[in-house]
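Okay, entry-v9.cif now, which holds mmCIF, C-alpha atoms:
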data_input
#
loop_
_atom_site.label_atom_id
_atom_site.label_comp_id
_atom_site.auth_asym_id
_atom_site.auth_seq_id
_atom_site.Cartn_x
_atom_site.Cartn_y
_atom_site.Cartn_z
CA MET X 1 -127.09 -92.10 -23.35
CA MET X 2 -126.32 -94.74 -20.76
CA PRO X 3 -129.00 -97.23 -19.79
CA PRO X 4 -130.53 -96.63 -16.34
CA ARG X 5 -129.02 -99.86 -15.01
CA ARG X 6 -125.51 -98.54 -15.73
CA LEU X 7 -126.26 -95.24 -14.01
CA LEU X 8 -127.63 -97.16 -11.04
CA PHE X 9 -124.51 -99.34 -11.05
CA LEU X 10 -122.31 -96.26 -10.92
CA ALA X 11 -124.42 -94.73 -8.13
CA CYS X 12 -124.22 -97.94 -6.07
CA LEU X 13 -120.47 -98.20 -6.60
CA LEU X 14 -119.93 -94.59 -5.57
CA ALA X 15 -122.19 -95.06 -2.53
CA ALA X 16 -120.18 -98.12 -1.48
CA LEU X 17 -116.92 -96.25 -1.86
CA ALA X 18 -118.26 -93.21 0.02
CA CYS X 19 -119.60 -95.31 2.91
CA LEU X 20 -116.36 -97.26 3.26
CA ALA X 21 -114.13 -94.19 2.94
CA GLY X 22 -116.28 -92.31 5.45
CA GLY X 23 -116.20 -95.24 7.86
CA TYR X 24 -112.44 -95.56 7.65
CA GLY X 25 -112.14 -91.80 8.08
CA MET X 26 -114.31 -91.80 11.20
CA ALA X 27 -112.16 -94.60 12.61
CA GLY X 28 -109.04 -92.52 11.97
CA TYR X 29 -107.65 -94.65 9.12
CA TRP X 30 -107.88 -92.13 6.25
CA PRO X 31 -104.62 -93.08 4.51
CA ALA X 32 -105.36 -96.81 4.56
CA GLY X 33 -108.96 -96.29 3.48
CA ILE X 34 -108.12 -94.03 0.58
CA ALA X 35 -105.19 -96.18 -0.55
CA ALA X 36 -107.41 -99.26 -0.62
CA LEU X 37 -110.44 -97.57 -2.22
CA LEU X 38 -108.76 -95.77 -5.11
CA PRO X 39 -107.77 -98.92 -7.03
CA LEU X 40 -111.25 -100.32 -6.45
CA ALA X 41 -112.83 -97.18 -7.89
CA GLY X 42 -110.68 -97.65 -10.98
CA LEU X 43 -111.69 -101.30 -11.17
CA GLY X 44 -115.37 -100.41 -10.96
CA LEU X 45 -115.07 -97.66 -13.55
CA ALA X 46 -113.23 -100.06 -15.85
CA ALA X 47 -116.16 -102.47 -15.51
CA LEU X 48 -118.54 -99.61 -16.30
CA ALA X 49 -116.57 -98.50 -19.36
CA ALA X 50 -116.24 -101.98 -20.85
CA ARG X 51 -119.04 -103.13 -23.09
CA ARG X 52 -118.95 -106.66 -21.71
CA PRO X 53 -116.70 -106.75 -18.67
CA ALA X 54 -115.01 -110.02 -17.84
CA GLY X 55 -117.04 -112.28 -15.57
CA TRP X 56 -114.42 -112.08 -12.83
CA LEU X 57 -114.28 -108.28 -12.67
CA PRO X 58 -117.57 -107.58 -10.82
CA ALA X 59 -116.94 -110.52 -8.50
CA ALA X 60 -113.42 -109.27 -7.69
CA CYS X 61 -114.78 -105.80 -6.99
CA LEU X 62 -117.49 -107.21 -4.71
CA ALA X 63 -115.04 -109.41 -2.82
CA ALA X 64 -112.61 -106.52 -2.31
CA LEU X 65 -115.32 -104.14 -1.10
CA VAL X 66 -116.81 -106.70 1.30
CA CYS X 67 -113.31 -107.44 2.65
CA LEU X 68 -112.82 -103.70 3.16
CA ALA X 69 -116.14 -103.52 5.03
CA ALA X 70 -115.13 -106.45 7.24
CA GLY X 71 -111.74 -104.85 7.86
CA GLY X 72 -113.51 -101.63 8.77
CA LEU X 73 -115.55 -103.46 11.38
CA LEU X 74 -112.35 -104.89 12.84
CA THR X 75 -110.90 -101.36 13.11
CA ARG X 76 -114.01 -100.20 14.98
CA ALA X 77 -115.37 -98.14 12.09
CA PRO X 78 -119.10 -97.31 12.36
CA ALA X 79 -121.01 -100.51 11.67
CA LEU X 80 -123.85 -98.78 9.82
CA LEU X 81 -121.45 -97.25 7.31
CA MET X 82 -119.71 -100.57 6.78
CA LEU X 83 -123.08 -102.33 6.33
CA GLY X 84 -124.20 -99.63 3.90
CA GLY X 85 -120.97 -99.98 1.94
CA ALA X 86 -121.28 -103.76 1.72
CA THR X 87 -124.94 -103.49 0.70
CA ALA X 88 -124.19 -100.96 -2.02
CA ALA X 89 -121.32 -103.16 -3.24
CA LEU X 90 -123.70 -106.12 -3.48
CA ALA X 91 -126.16 -104.01 -5.47
CA ALA X 92 -123.37 -102.86 -7.81
CA TRP X 93 -122.30 -106.47 -8.35
CA SER X 94 -125.85 -107.54 -9.16
CA LEU X 95 -126.32 -104.64 -11.58
CA ALA X 96 -122.99 -105.35 -13.29
CA ASN X 97 -124.03 -108.97 -13.80
CA LEU X 98 -127.43 -107.86 -15.12
CA ASP X 99 -125.74 -105.46 -17.53
CA ARG X 100 -123.39 -108.22 -18.69
CA ALA X 101 -126.27 -110.64 -19.19
CA LEU X 102 -128.29 -108.12 -21.21
CA ALA X 103 -125.35 -106.84 -23.29
CA GLY X 104 -125.95 -107.38 -26.97
CA VAL X 105 -129.62 -108.26 -26.52
CA PRO X 106 -131.83 -106.08 -28.70
CA PRO X 107 -134.22 -103.91 -26.68
CA SER X 108 -137.63 -105.48 -26.34
CA GLU X 109 -140.61 -105.52 -24.03
CA SER X 110 -139.49 -108.76 -22.37
CA GLU X 111 -136.02 -107.32 -21.70
CA ALA X 112 -137.56 -104.22 -20.12
CA ARG X 113 -139.83 -106.41 -17.98
CA LEU X 114 -136.91 -108.61 -16.93
CA GLU X 115 -134.88 -105.55 -15.96
CA ARG X 116 -137.79 -104.03 -14.03
CA VAL X 117 -138.44 -107.27 -12.11
CA HIS X 118 -134.74 -107.65 -11.36
CA LEU X 119 -134.47 -104.10 -10.05
CA LEU X 120 -137.58 -104.48 -7.88
CA THR X 121 -136.36 -107.79 -6.46
CA LEU X 122 -132.92 -106.31 -5.82
CA ALA X 123 -134.39 -103.27 -4.07
CA LEU X 124 -136.64 -105.46 -1.93
CA ALA X 125 -133.90 -107.89 -0.93
CA LEU X 126 -131.27 -105.24 -0.23
CA GLY X 127 -133.66 -102.90 1.54
CA LEU X 128 -134.97 -105.60 3.83
CA GLY X 129 -131.48 -106.96 4.46
CA LEU X 130 -130.09 -103.51 5.25
CA LEU X 131 -133.04 -102.76 7.51
CA LEU X 132 -132.59 -106.00 9.44
CA ALA X 133 -128.82 -105.53 9.69
CA ALA X 134 -129.24 -101.96 10.92
CA ALA X 135 -131.84 -103.09 13.44
CA GLY X 136 -129.47 -105.80 14.63
CA ALA X 137 -126.66 -103.28 14.99
CA LEU X 138 -128.80 -100.80 16.91
CA LEU X 139 -130.88 -103.21 18.98
CA PRO X 140 -128.82 -106.13 20.25
CA LEU X 141 -131.37 -108.92 20.62
CA PRO X 142 -130.12 -112.35 21.68
CA ILE X 143 -131.66 -114.74 19.15
CA PRO X 144 -131.07 -118.48 19.59
CA PHE X 145 -129.13 -119.99 16.70
CA ALA X 146 -131.86 -122.54 15.88
CA LEU X 147 -134.46 -119.76 15.59
CA LEU X 148 -132.10 -117.77 13.37
CA ILE X 149 -131.69 -120.76 11.02
CA ALA X 150 -135.47 -121.24 10.95
CA LEU X 151 -135.97 -117.57 10.05
CA VAL X 152 -133.40 -117.76 7.25
CA LEU X 153 -135.09 -120.87 5.84
CA LEU X 154 -138.49 -119.16 6.04
CA ASP X 155 -137.06 -116.15 4.20
CA LEU X 156 -135.58 -118.34 1.46
CA TYR X 157 -138.85 -120.23 1.07
CA SER X 158 -140.81 -116.96 0.88
CA LEU X 159 -138.49 -115.50 -1.74
CA ASP X 160 -138.77 -118.73 -3.75
CA ARG X 161 -142.58 -118.56 -3.63
CA VAL X 162 -142.60 -114.88 -4.62
CA LEU X 163 -140.24 -115.38 -7.54
CA HIS X 164 -141.93 -118.52 -8.88
CA THR X 165 -145.56 -117.50 -8.53
CA PRO X 166 -147.27 -117.41 -11.95
CA ARG X 167 -148.72 -114.04 -12.87
#

Using structure tokens, write down the structure from this file.
Amino acid sequence: MMPPRRLLFLACLLAALACLAGGYGMAGYWPAGIAALLPLAGLGLAALAARRPAGWLPAACLAALVCLAAGGLLTRAPALLMLGGATAALAAWSLANLDRALAGVPPSESEARLERVHLLTLALALGLGLLLAAAGALLPLPIPFALLIALVLLDLYSLDRVLHTPR
């Protein structure tokens, strides 16, 4: 049986592909969307099938999917689908790297704890990021650049405090 992190990786990859293909389809670019997504699906499944995929494979898949999402925005595809596809691609990349880092490590309580903390942190970061991006797409609020930089720095500081707080 596959570990849950691999199943989650596959689910995130399929969600990214579905969001991007749906976005391209809604924009009227079905042939281009399908032609670009099919090789990426093969690339992702090759990473899933390999015991220890090469370090460049998840990064190449992430870069290609994010470029497809950006291209979809340029073709006037629905922004929420493109954001969802990019977010799911980022989650798949993170899970592939986690799987690669834990490959060959014997199962233990510390490994299970590390995986659980990683998945919770990933869900929190991606959920909050997707929520903020969706809110920004739906509610255009003019935010001064200096305030935006201050908010990003506050977010980074908060994440650093959360991750490095002794328990």

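Remark: for Ala88 in chain X, the closest of the candidate residues X:Met2, X:Ile143, X:Leu154, X:Leu62 is X:Leu62 (distances computed over all atoms listed in the file).
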
### Task
Between CA of Leu95 in chain X and CA of Cys67 in chain X, measure the distance and give it in Å to one decimal.
19.5 Å

Excluding Leu90 in chain X and any residue of its chain fewer than 3 positions from it, enumerate the residues within 10 Å of it, using only C-alpha atoms, and give them as an mmCIF file with C-alpha atoms, in the coordinates of the input.
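Ended up saving to result-v3.cif:
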data_model
loop_
_atom_site.group_PDB
_atom_site.id
_atom_site.type_symbol
_atom_site.label_atom_id
_atom_site.label_comp_id
_atom_site.auth_asym_id
_atom_site.auth_seq_id
_atom_site.Cartn_x
_atom_site.Cartn_y
_atom_site.Cartn_z
ATOM 1 C CA CYS X 12 -124.220 -97.940 -6.070
ATOM 2 C CA LEU X 13 -120.470 -98.200 -6.600
ATOM 3 C CA ALA X 16 -120.180 -98.120 -1.480
ATOM 4 C CA PRO X 58 -117.570 -107.580 -10.820
ATOM 5 C CA ALA X 59 -116.940 -110.520 -8.500
ATOM 6 C CA CYS X 61 -114.780 -105.800 -6.990
ATOM 7 C CA LEU X 62 -117.490 -107.210 -4.710
ATOM 8 C CA ALA X 63 -115.040 -109.410 -2.820
ATOM 9 C CA LEU X 65 -115.320 -104.140 -1.100
ATOM 10 C CA VAL X 66 -116.810 -106.700 1.300
ATOM 11 C CA GLY X 84 -124.200 -99.630 3.900
ATOM 12 C CA GLY X 85 -120.970 -99.980 1.940
ATOM 13 C CA ALA X 86 -121.280 -103.760 1.720
ATOM 14 C CA THR X 87 -124.940 -103.490 0.700
ATOM 15 C CA TRP X 93 -122.300 -106.470 -8.350
ATOM 16 C CA SER X 94 -125.850 -107.540 -9.160
ATOM 17 C CA LEU X 95 -126.320 -104.640 -11.580
ATOM 18 C CA ALA X 96 -122.990 -105.350 -13.290
ATOM 19 C CA LEU X 122 -132.920 -106.310 -5.820
ATOM 20 C CA LEU X 126 -131.270 -105.240 -0.230
#

### Closest of X:Val105, X:Leu147, X:Leu37, X:Leu130 to Gly22 in chain X - atom-to-atom distances counting only C-alpha atoms
X:Leu37

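When only C-alpha atoms are used to compute distances to Ala135 in chain X, the closest of the residues X:Ala150, X:Ala64, X:Leu38, X:Leu83 turns out to be X:Leu83.
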
### Task
Using the chain letters and residue numbers of this document, give as number ranges by chain the residues selected by the PyMOL selection byres ((chain X and resi 26) around 12).
X: 18-25, 27-31, 33, 72-73, 75-82

For the residues in that selection, give me C-alpha atoms as a PDB file, in the coordinates of the input.
ATOM      1  CA  ALA X  18    -118.260 -93.210   0.020  1.00  0.00           C
ATOM      2  CA  CYS X  19    -119.600 -95.310   2.910  1.00  0.00           C
ATOM      3  CA  LEU X  20    -116.360 -97.260   3.260  1.00  0.00           C
ATOM      4  CA  ALA X  21    -114.130 -94.190   2.940  1.00  0.00           C
ATOM      5  CA  GLY X  22    -116.280 -92.310   5.450  1.00  0.00           C
ATOM      6  CA  GLY X  23    -116.200 -95.240   7.860  1.00  0.00           C
ATOM      7  CA  TYR X  24    -112.440 -95.560   7.650  1.00  0.00           C
ATOM      8  CA  GLY X  25    -112.140 -91.800   8.080  1.00  0.00           C
ATOM      9  CA  ALA X  27    -112.160 -94.600  12.610  1.00  0.00           C
ATOM     10  CA  GLY X  28    -109.040 -92.520  11.970  1.00  0.00           C
ATOM     11  CA  TYR X  29    -107.650 -94.650   9.120  1.00  0.00           C
ATOM     12  CA  TRP X  30    -107.880 -92.130   6.250  1.00  0.00           C
ATOM     13  CA  PRO X  31    -104.620 -93.080   4.510  1.00  0.00           C
ATOM     14  CA  GLY X  33    -108.960 -96.290   3.480  1.00  0.00           C
ATOM     15  CA  GLY X  72    -113.510-101.630   8.770  1.00  0.00           C
ATOM     16  CA  LEU X  73    -115.550-103.460  11.380  1.00  0.00           C
ATOM     17  CA  THR X  75    -110.900-101.360  13.110  1.00  0.00           C
ATOM     18  CA  ARG X  76    -114.010-100.200  14.980  1.00  0.00           C
ATOM     19  CA  ALA X  77    -115.370 -98.140  12.090  1.00  0.00           C
ATOM     20  CA  PRO X  78    -119.100 -97.310  12.360  1.00  0.00           C
ATOM     21  CA  ALA X  79    -121.010-100.510  11.670  1.00  0.00           C
ATOM     22  CA  LEU X  80    -123.850 -98.780   9.820  1.00  0.00           C
ATOM     23  CA  LEU X  81    -121.450 -97.250   7.310  1.00  0.00           C
ATOM     24  CA  MET X  82    -119.710-100.570   6.780  1.00  0.00           C
TER      25      MET X  82
END

#### Entry: Answer key for the PyMOL selection byres ((chain X and resi 9) around 10), residues as a PyMOL selection string
chain X and resi 4-8+10-15+44-45+47-48+88-89+91-96+98-99

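Interatomic distance, CA of Gly129 in chain X against CA of Leu68 in chain X: 19.0 Å.
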
### Query
Of the candidates X:Ala146, X:Leu57, X:Leu156, X:Leu141, which shows the shortest atom-to-atom distance to Arg100 in chain X, using all atoms listed in the file?
X:Leu57

### Task
Quick one: apply the PyMOL selection byres ((chain X and resi 157-167) around 10) to the file and drop the selected residues here as a list in words.
Val117, Thr121, Ala125, Leu151, Val152, Leu153, Leu154, Asp155 and Leu156 of chain X

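Here CA of Ala137 in chain X stands at a distance of 20.7 Å from CA of Leu17 in chain X.
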